[in-house]
$ cat model_15.tsv   # TSV, C-alpha atoms
chain	number	residue	atom	x	y	z
A	1	MET	CA	12.43	7.94	3.30
A	2	ALA	CA	16.05	8.84	2.59
A	3	ILE	CA	15.21	12.55	2.38
A	4	THR	CA	12.97	12.61	5.47
A	5	LEU	CA	14.57	10.19	7.98
A	6	SER	CA	17.84	9.95	9.86
A	7	ALA	CA	19.20	7.05	11.89
A	8	GLY	CA	17.17	6.62	15.07
A	9	ASP	CA	14.09	8.46	13.80
A	10	ASP	CA	10.68	6.80	14.08
A	11	VAL	CA	8.43	6.24	11.07
A	12	LEU	CA	4.80	5.17	11.45
A	13	ILE	CA	4.11	2.17	9.20
A	14	PRO	CA	0.68	0.64	8.40
A	15	ASP	CA	0.15	-2.83	9.85
A	16	PRO	CA	-0.96	-4.85	7.89
A	17	GLY	CA	1.08	-3.19	5.19
A	18	TYR	CA	3.51	-3.62	2.35
A	19	THR	CA	6.62	-5.28	3.78
A	20	THR	CA	9.06	-3.02	1.92
A	21	PHE	CA	7.99	-0.04	4.06
A	22	THR	CA	9.64	-1.68	7.07
A	23	MET	CA	12.63	-2.92	5.08
A	24	ASN	CA	13.36	0.58	3.77
A	25	ALA	CA	13.22	2.07	7.27
A	26	HIS	CA	15.63	-0.57	8.58
A	27	MET	CA	18.07	0.12	5.74
A	28	LEU	CA	18.22	3.75	6.92
A	29	GLU	CA	18.63	2.66	10.57
A	30	ALA	CA	15.30	4.28	11.33
A	31	VAL	CA	12.72	2.63	13.59
A	32	ALA	CA	9.56	1.28	11.96
A	33	VAL	CA	6.65	1.78	14.37
A	34	PRO	CA	3.57	-0.17	13.23
A	35	TYR	CA	0.19	1.49	13.56
A	36	PRO	CA	-2.58	-1.13	13.66
A	37	LEU	CA	-5.27	-1.32	11.00
A	38	SER	CA	-7.78	-3.40	12.92
A	39	PRO	CA	-11.14	-4.96	12.06
A	40	ASP	CA	-12.82	-2.75	14.68
A	41	ALA	CA	-11.75	0.35	12.71
A	42	GLY	CA	-12.61	-1.11	9.33
A	43	PHE	CA	-8.89	-1.70	8.71
A	44	LEU	CA	-8.37	2.07	8.45
A	45	PRO	CA	-6.05	4.25	10.57
A	46	ASP	CA	-7.44	5.32	13.93
A	47	ILE	CA	-6.33	8.84	14.88
A	48	ALA	CA	-6.46	8.15	18.63
A	49	GLU	CA	-4.22	5.11	18.12
A	50	LEU	CA	-1.81	7.20	16.07
A	51	GLU	CA	-1.65	9.85	18.80
A	52	SER	CA	-0.57	7.20	21.30
A	53	LEU	CA	2.39	6.16	19.12
A	54	VAL	CA	3.96	9.58	18.56
A	55	THR	CA	7.19	10.40	20.39
A	56	GLY	CA	9.83	13.08	20.07
A	57	ARG	CA	11.59	10.80	17.56
A	58	THR	CA	8.60	10.45	15.18
A	59	LYS	CA	9.31	12.17	11.87
A	60	VAL	CA	7.26	10.42	9.15
A	61	MET	CA	3.94	8.65	8.62
A	62	VAL	CA	3.50	6.27	5.69
A	63	ILE	CA	-0.01	5.81	4.31
A	64	ASN	CA	-1.17	3.53	1.49
A	65	SER	CA	-4.48	3.93	-0.34
A	66	PRO	CA	-5.68	1.85	-2.10
A	67	SER	CA	-3.96	-0.55	0.27
A	68	ASN	CA	-1.66	-3.46	-0.38
A	69	PRO	CA	-2.64	-5.98	1.00
A	70	LEU	CA	-6.04	-4.88	2.34
A	71	GLY	CA	-7.72	-3.22	-0.63
A	72	THR	CA	-9.04	-0.43	1.59
A	73	VAL	CA	-9.48	3.08	0.17
A	74	PHE	CA	-9.18	6.12	2.46
A	75	PRO	CA	-12.23	8.42	2.40
A	76	ARG	CA	-11.82	12.18	2.08
A	77	GLU	CA	-12.62	12.87	5.73
A	78	LEU	CA	-9.91	10.47	6.93
A	79	LEU	CA	-7.29	12.03	4.67
A	80	ILE	CA	-8.08	15.45	6.12
A	81	GLU	CA	-7.87	14.06	9.68
A	82	ILE	CA	-4.50	12.44	8.91
A	83	LEU	CA	-3.16	15.73	7.59
A	84	ALA	CA	-4.34	17.53	10.72
A	85	PHE	CA	-2.62	14.86	12.85
A	86	ALA	CA	0.61	15.27	10.87
A	87	ARG	CA	0.40	19.04	11.24
A	88	ARG	CA	-0.02	18.80	15.03
A	89	HIS	CA	3.17	16.75	15.30
A	90	ASP	CA	5.08	18.29	12.37
A	91	LEU	CA	5.37	14.99	10.47
A	92	TRP	CA	6.12	14.27	6.85
A	93	ILE	CA	3.55	12.08	5.08
A	94	ILE	CA	4.77	9.58	2.48
A	95	SER	CA	1.70	8.52	0.53
A	96	ASP	CA	1.91	5.30	-1.52
A	97	GLU	CA	-0.71	5.64	-4.26
A	98	VAL	CA	0.48	3.07	-6.78
A	99	TYR	CA	-3.03	1.56	-7.06
A	100	GLU	CA	-4.64	4.96	-7.77
A	101	TYR	CA	-6.48	3.76	-10.89
A	102	ILE	CA	-7.70	0.52	-9.33
A	103	ALA	CA	-10.48	1.75	-7.06
A	104	TRP	CA	-14.17	0.89	-7.07
A	105	ALA	CA	-16.01	1.73	-3.85
A	106	GLU	CA	-15.23	5.43	-4.22
A	107	PRO	CA	-12.82	7.47	-6.36
A	108	HIS	CA	-9.22	7.55	-5.26
A	109	LEU	CA	-8.22	10.86	-3.67
A	110	SER	CA	-4.64	12.00	-3.28
A	111	VAL	CA	-3.86	13.37	0.18
A	112	ALA	CA	-1.62	15.99	-1.48
A	113	ALA	CA	-4.76	17.65	-2.83
A	114	PHE	CA	-5.55	18.77	0.75
A	115	ASP	CA	-1.96	19.60	1.79
A	116	THR	CA	-1.68	23.29	2.64
A	117	ASP	CA	1.75	23.33	4.30
A	118	ASN	CA	3.93	21.17	2.03
A	119	ARG	CA	4.40	18.01	4.09
A	120	VAL	CA	3.21	15.32	1.62
A	121	LEU	CA	5.43	13.25	-0.70
A	122	SER	CA	3.29	11.22	-3.10
A	123	VAL	CA	4.60	7.97	-4.60
A	124	PHE	CA	3.20	6.67	-7.89
A	125	SER	CA	4.06	3.80	-10.21
A	126	PHE	CA	3.41	2.50	-13.71
A	127	SER	CA	3.51	-1.04	-12.35
A	128	GLN	CA	-0.15	-1.60	-11.49
A	129	THR	CA	-1.94	0.87	-13.76
A	130	TYR	CA	-0.12	-0.28	-16.89
A	131	ALA	CA	0.82	-3.89	-15.96
A	132	MET	CA	4.52	-2.91	-15.91
A	133	THR	CA	5.50	-4.59	-12.64
A	134	GLY	CA	8.79	-5.94	-14.02
A	135	ILE	CA	9.80	-2.71	-15.75
A	136	ARG	CA	10.15	-0.73	-12.48
A	137	VAL	CA	9.16	2.80	-13.45
A	138	GLY	CA	7.63	5.16	-10.92
A	139	TYR	CA	7.59	8.81	-9.97
A	140	LEU	CA	7.47	11.02	-6.90
A	141	VAL	CA	5.57	14.28	-6.41
A	142	THR	CA	7.32	16.45	-3.83
A	143	PRO	CA	6.48	19.71	-2.09
A	144	PRO	CA	8.09	22.78	-3.68
A	145	GLY	CA	11.86	22.95	-3.21
A	146	LEU	CA	12.52	19.24	-2.68
A	147	SER	CA	12.84	18.02	-6.26
A	148	ALA	CA	16.56	18.88	-6.50
A	149	THR	CA	17.30	16.94	-3.30
A	150	MET	CA	15.31	13.99	-4.58
A	151	ARG	CA	17.19	14.01	-7.88
A	152	SER	CA	20.47	13.76	-5.97
A	153	VAL	CA	19.19	10.80	-3.96
A	154	GLN	CA	17.89	9.13	-7.12
A	155	GLU	CA	21.20	9.55	-8.92
A	156	ALA	CA	23.12	8.07	-6.00
A	157	ALA	CA	20.72	5.12	-5.76
A	158	ILE	CA	19.87	4.17	-9.34
A	159	SER	CA	21.35	6.86	-11.65
A	160	CYS	CA	18.40	6.62	-14.05
A	161	VAL	CA	15.74	4.30	-15.39
A	162	ASN	CA	17.00	2.36	-18.41
A	163	ALA	CA	16.01	3.72	-21.84
A	164	PRO	CA	13.68	0.86	-22.94
A	165	ALA	CA	11.71	1.23	-19.71
A	166	GLN	CA	11.42	4.99	-20.25
A	167	PHE	CA	10.09	4.45	-23.78
A	168	ALA	CA	7.63	1.87	-22.42
A	169	ALA	CA	6.40	4.42	-19.88
A	170	ILE	CA	5.94	7.04	-22.62
A	171	GLY	CA	4.02	4.49	-24.67
A	172	ALA	CA	1.78	3.73	-21.70
A	173	LEU	CA	1.02	7.39	-21.03
A	174	THR	CA	0.35	8.31	-24.65
A	175	GLY	CA	-1.44	5.10	-25.65
A	176	ASP	CA	-5.10	4.14	-25.46
A	177	GLN	CA	-6.18	4.70	-21.85
A	178	GLY	CA	-9.23	2.52	-22.46
A	179	ASP	CA	-6.98	-0.42	-21.65
A	180	VAL	CA	-6.64	0.89	-18.08
A	181	GLU	CA	-10.42	0.79	-17.68
A	182	LEU	CA	-10.57	-2.73	-19.16
A	183	ALA	CA	-7.89	-3.93	-16.75
A	184	ARG	CA	-9.63	-2.33	-13.75
A	185	GLU	CA	-12.90	-4.03	-14.62
A	186	HIS	CA	-11.07	-7.32	-15.17
A	187	TYR	CA	-9.59	-7.14	-11.66
A	188	ARG	CA	-12.97	-6.17	-10.25
A	189	SER	CA	-14.65	-9.10	-12.01
A	190	ASN	CA	-12.04	-11.49	-10.59
A	191	GLY	CA	-12.63	-10.11	-7.12
A	192	ASP	CA	-16.41	-10.37	-7.44
A	193	ALA	CA	-16.14	-13.99	-8.56
A	194	ALA	CA	-13.87	-14.82	-5.62
A	195	MET	CA	-16.17	-13.10	-3.14
A	196	ARG	CA	-19.20	-14.99	-4.46
A	197	LEU	CA	-17.40	-18.27	-3.85
A	198	LEU	CA	-16.36	-17.18	-0.36
A	199	ASP	CA	-19.95	-16.13	0.42
A	200	GLU	CA	-21.23	-19.52	-0.71
A	201	ARG	CA	-18.86	-21.17	1.75
A	202	GLY	CA	-19.49	-18.76	4.61
A	203	ILE	CA	-15.86	-17.60	4.71
A	204	ARG	CA	-15.23	-14.15	6.22
A	205	TYR	CA	-13.29	-11.52	4.24
A	206	LEU	CA	-12.81	-7.77	3.92
A	207	THR	CA	-14.65	-6.33	0.92
A	208	PRO	CA	-11.99	-4.39	-1.00
A	209	GLY	CA	-12.52	-0.86	-2.26
A	210	GLY	CA	-9.58	-1.09	-4.64
A	211	ALA	CA	-6.23	-2.73	-5.50
A	212	SER	CA	-6.20	-6.41	-6.46
A	213	TYR	CA	-6.29	-8.27	-3.15
A	214	LEU	CA	-8.71	-10.06	-0.84
A	215	TRP	CA	-8.04	-10.11	2.91
A	216	ILE	CA	-9.50	-13.42	4.06
A	217	ASP	CA	-10.04	-15.02	7.48
A	218	VAL	CA	-8.88	-18.67	7.34
A	219	SER	CA	-8.93	-19.41	11.07
A	220	PHE	CA	-11.49	-22.15	10.43
A	221	ALA	CA	-8.90	-24.12	8.43
A	222	SER	CA	-5.45	-23.04	9.55
A	223	GLY	CA	-5.45	-24.19	13.14
A	224	GLY	CA	-3.83	-20.88	14.06
A	225	ASN	CA	-0.74	-21.33	11.86
A	226	VAL	CA	-1.53	-19.52	8.63
A	227	ALA	CA	2.06	-19.65	7.36
A	228	ASP	CA	2.09	-23.47	7.31
A	229	TRP	CA	-1.44	-23.54	5.91
A	230	ALA	CA	-0.47	-21.13	3.10
A	231	GLU	CA	2.52	-23.30	2.17
A	232	ALA	CA	0.34	-26.41	2.05
A	233	PHE	CA	-2.24	-24.50	-0.01
A	234	LEU	CA	0.46	-23.54	-2.50
A	235	ILE	CA	1.66	-27.12	-2.85
A	236	ALA	CA	-1.83	-28.60	-3.14
A	237	GLU	CA	-3.66	-25.94	-5.17
A	238	ARG	CA	-0.78	-24.07	-6.91
A	239	VAL	CA	-2.12	-20.75	-5.61
A	240	ALA	CA	0.18	-18.35	-3.70
A	241	VAL	CA	-1.22	-16.34	-0.80
A	242	ALA	CA	0.54	-14.16	1.80
A	243	PRO	CA	-0.09	-15.09	5.45
A	244	ALA	CA	-0.71	-12.19	7.81
A	245	ASP	CA	2.03	-13.39	10.17
A	246	SER	CA	4.68	-13.31	7.42
A	247	GLY	CA	5.70	-9.73	8.09
A	248	CYS	CA	2.95	-7.90	6.21
A	249	GLY	CA	0.19	-8.70	8.65
A	250	LEU	CA	-1.19	-7.26	11.86
A	251	ARG	CA	0.10	-9.13	14.86
A	252	GLY	CA	-3.37	-9.21	16.35
A	253	THR	CA	-4.94	-10.90	13.30
A	254	PRO	CA	-2.57	-13.75	12.30
A	255	GLU	CA	-5.51	-15.88	11.15
A	256	TRP	CA	-5.93	-13.72	8.03
A	257	PHE	CA	-4.14	-13.88	4.71
A	258	SER	CA	-4.12	-11.76	1.58
A	259	GLY	CA	-5.09	-13.48	-1.64
A	260	VAL	CA	-3.53	-11.97	-4.77
A	261	SER	CA	-5.63	-11.94	-7.93
A	262	ARG	CA	-3.89	-13.34	-10.98
A	263	MET	CA	-2.86	-10.54	-13.33
A	264	PRO	CA	-3.08	-10.89	-17.11
A	265	ARG	CA	0.34	-11.15	-18.73

$ encode --input "model_15.tsv" --output "structure tokens"
Amino acid sequence: MAITLSAGDDVLIPDPGYTTFTMNAHMLEAVAVPYPLSPDAGFLPDIAELESLVTGRTKVMVINSPSNPLGTVFPRELLIEILAFARRHDLWIISDEVYEYIAWAEPHLSVAAFDTDNRVLSVFSFSQTYAMTGIRVGYLVTPPGLSATMRSVQEAAISCVNAPAQFAAIGALTGDQGDVELAREHYRSNGDAAMRLLDERGIRYLTPGGASYLWIDVSFASGGNVADWAEAFLIAERVAVAPADSGCGLRGTPEWFSGVSRMPR
């Protein structure tokens, strides 16, 4: 965002979406404009809705597939439509693809593969693929000519990743990739088990296509206040969930929450 936004610019942010997207925009004094991912659209971006949100200040669109916290995976046709939308309005696309290897319904596709005019910046991470969430190693793929600018921003922000983390990343890349497949199937098995239990109880949820989350409707139990219900659930059951009205969720669907699968240590 630091190389694509200035103070006062608008950035389109998925809603529900990862809360840090909005935090980052605010740190740059940019304006986070949520675009709704609603049940009626299968919790995927709606191009007509996006068109209605664009102004002369709009500079960037953030997309996230597979999605945190929804688990949705963007199909090829939607990625091409999003690129056409960005081209019409001359927008940058920042594509968060940190769950690229955790997809089941259909293979993950990177929007950059369809980018013909160099407007996509693709964000990747070792955190989810290699269970390195605390080690904080990621990488960015930029259009031609932007890597030098990004290096300057990186140096000003973090200088460099510490050496042990870099060696861990090398070990992950050069090690047995069969472990990635085992982890993906483990997450999928957890999700399947959770969905079977929800089906038995008649509880509504969004079937995920990837990532490690379940987006669950708890209106039957929450009395309309999911935040309080989630806190009570944590105290009683020792399970942490994120309520949709906690900043990551769509304002029109506060009765939902995202359940996070337990990761192996």

$ atom_distance --input "model_15.tsv" --atom1 "CA of Pro208 in chain A" --atom2 "CA of Gly71 in chain A"
4.4 Å

$ atom_distance --input "model_15.tsv" --atom1 "CA of Tyr139 in chain A" --atom2 "CA of Gly175 in chain A"
18.5 Å

$ atom_distance --input "model_15.tsv" --atom1 "CA of Ala172 in chain A" --atom2 "CA of Asp115 in chain A"
28.6 Å

$ residues_around --input "model_15.tsv" --residues "Ser125 in chain A" --least-positions-apart "4" --cutoff "12 Å" --atoms "only C-alpha atoms" --output "MDAnalysis selection string"
chainID A and resid 95:101 129:141 169 172:173

$ residues_around --input "model_15.tsv" --residues "range 28-34 of chain A" --least-positions-apart "3" --cutoff "7 Å" --atoms "all atoms listed in the file" --output "list of chain:residue names"
A:Leu5, A:Ser6, A:Ala7, A:Gly8, A:Asp9, A:Asp10, A:Val11, A:Leu12, A:Ile13, A:Pro14, A:Asp15, A:Thr22, A:Asn24, A:Ala25

$ closest_residue --input "model_15.tsv" --among "A:Ala193, A:Tyr187, A:Gly209, A:Met27" --to "Pro75 in chain A" --atoms "only C-alpha atoms"
A:Gly209

$ closest_residue --input "model_15.tsv" --among "A:Phe220, A:Phe74, A:Tyr213, A:Tyr18" --to "Pro107 in chain A" --atoms "only C-alpha atoms"
A:Phe74

$ closest_atom_pairs --input "model_15.tsv" --of "range 83-194 of chain A" --to "range 45-60 of chain A" --cutoff "10 Å" --atoms "all atoms listed in the file" --output "Markdown table"
| residue | atom | partner | partner_atom | distance |
| --- | --- | --- | --- | --- |
| A:Ala84 | CA | A:Ile47 | CA | 9.8 |
| A:Phe85 | CA | A:Ile47 | CA | 7.4 |
| A:Ala86 | CA | A:Val60 | CA | 8.4 |
| A:Arg88 | CA | A:Glu51 | CA | 9.8 |
| A:His89 | CA | A:Val54 | CA | 7.9 |
| A:Asp90 | CA | A:Lys59 | CA | 7.5 |
| A:Leu91 | CA | A:Lys59 | CA | 5.0 |
| A:Trp92 | CA | A:Val60 | CA | 4.6 |
| A:Ile93 | CA | A:Val60 | CA | 5.8 |
| A:Ile94 | CA | A:Val60 | CA | 7.2 |
| A:Arg119 | CA | A:Val60 | CA | 9.6 |
| A:Val120 | CA | A:Val60 | CA | 9.9 |

$ closest_residue --input "model_15.tsv" --among "A:Ala163, A:Leu79, A:Ile158, A:Pro66" --to "Gln128 in chain A" --atoms "only C-alpha atoms"
A:Pro66

$ closest_residue --input "model_15.tsv" --among "A:Ala244, A:Ala41, A:Met61, A:Ala183" --to "Ser212 in chain A" --atoms "all atoms listed in the file"
A:Ala183

$ residues_near_point --input "model_15.tsv" --point "(-5.9, -6.6, 2.8)" --cutoff "7 Å" --atoms "only C-alpha atoms" --output "short mmCIF file (atom, residue, chain, number, x, y, z; two decimals) with C-alpha atoms, in the coordinates of the input"
data_model
loop_
_atom_site.label_atom_id
_atom_site.label_comp_id
_atom_site.auth_asym_id
_atom_site.auth_seq_id
_atom_site.Cartn_x
_atom_site.Cartn_y
_atom_site.Cartn_z
CA SER A 67 -3.96 -0.55 0.27
CA ASN A 68 -1.66 -3.46 -0.38
CA PRO A 69 -2.64 -5.98 1.00
CA LEU A 70 -6.04 -4.88 2.34
CA GLY A 71 -7.72 -3.22 -0.63
CA TYR A 213 -6.29 -8.27 -3.15
CA LEU A 214 -8.71 -10.06 -0.84
CA TRP A 215 -8.04 -10.11 2.91
CA SER A 258 -4.12 -11.76 1.58
#

$ residues_around --input "model_15.tsv" --residues "Gly145 in chain A" --least-positions-apart "5" --cutoff "12 Å" --atoms "all atoms listed in the file" --output "list in words"
Asn118, Arg119, Leu121, Met150 and Arg151 of chain A

$ closest_residue --input "model_15.tsv" --among "A:Asn190, A:Pro39, A:Glu106, A:Glu181" --to "Arg204 in chain A" --atoms "all atoms listed in the file"
A:Pro39
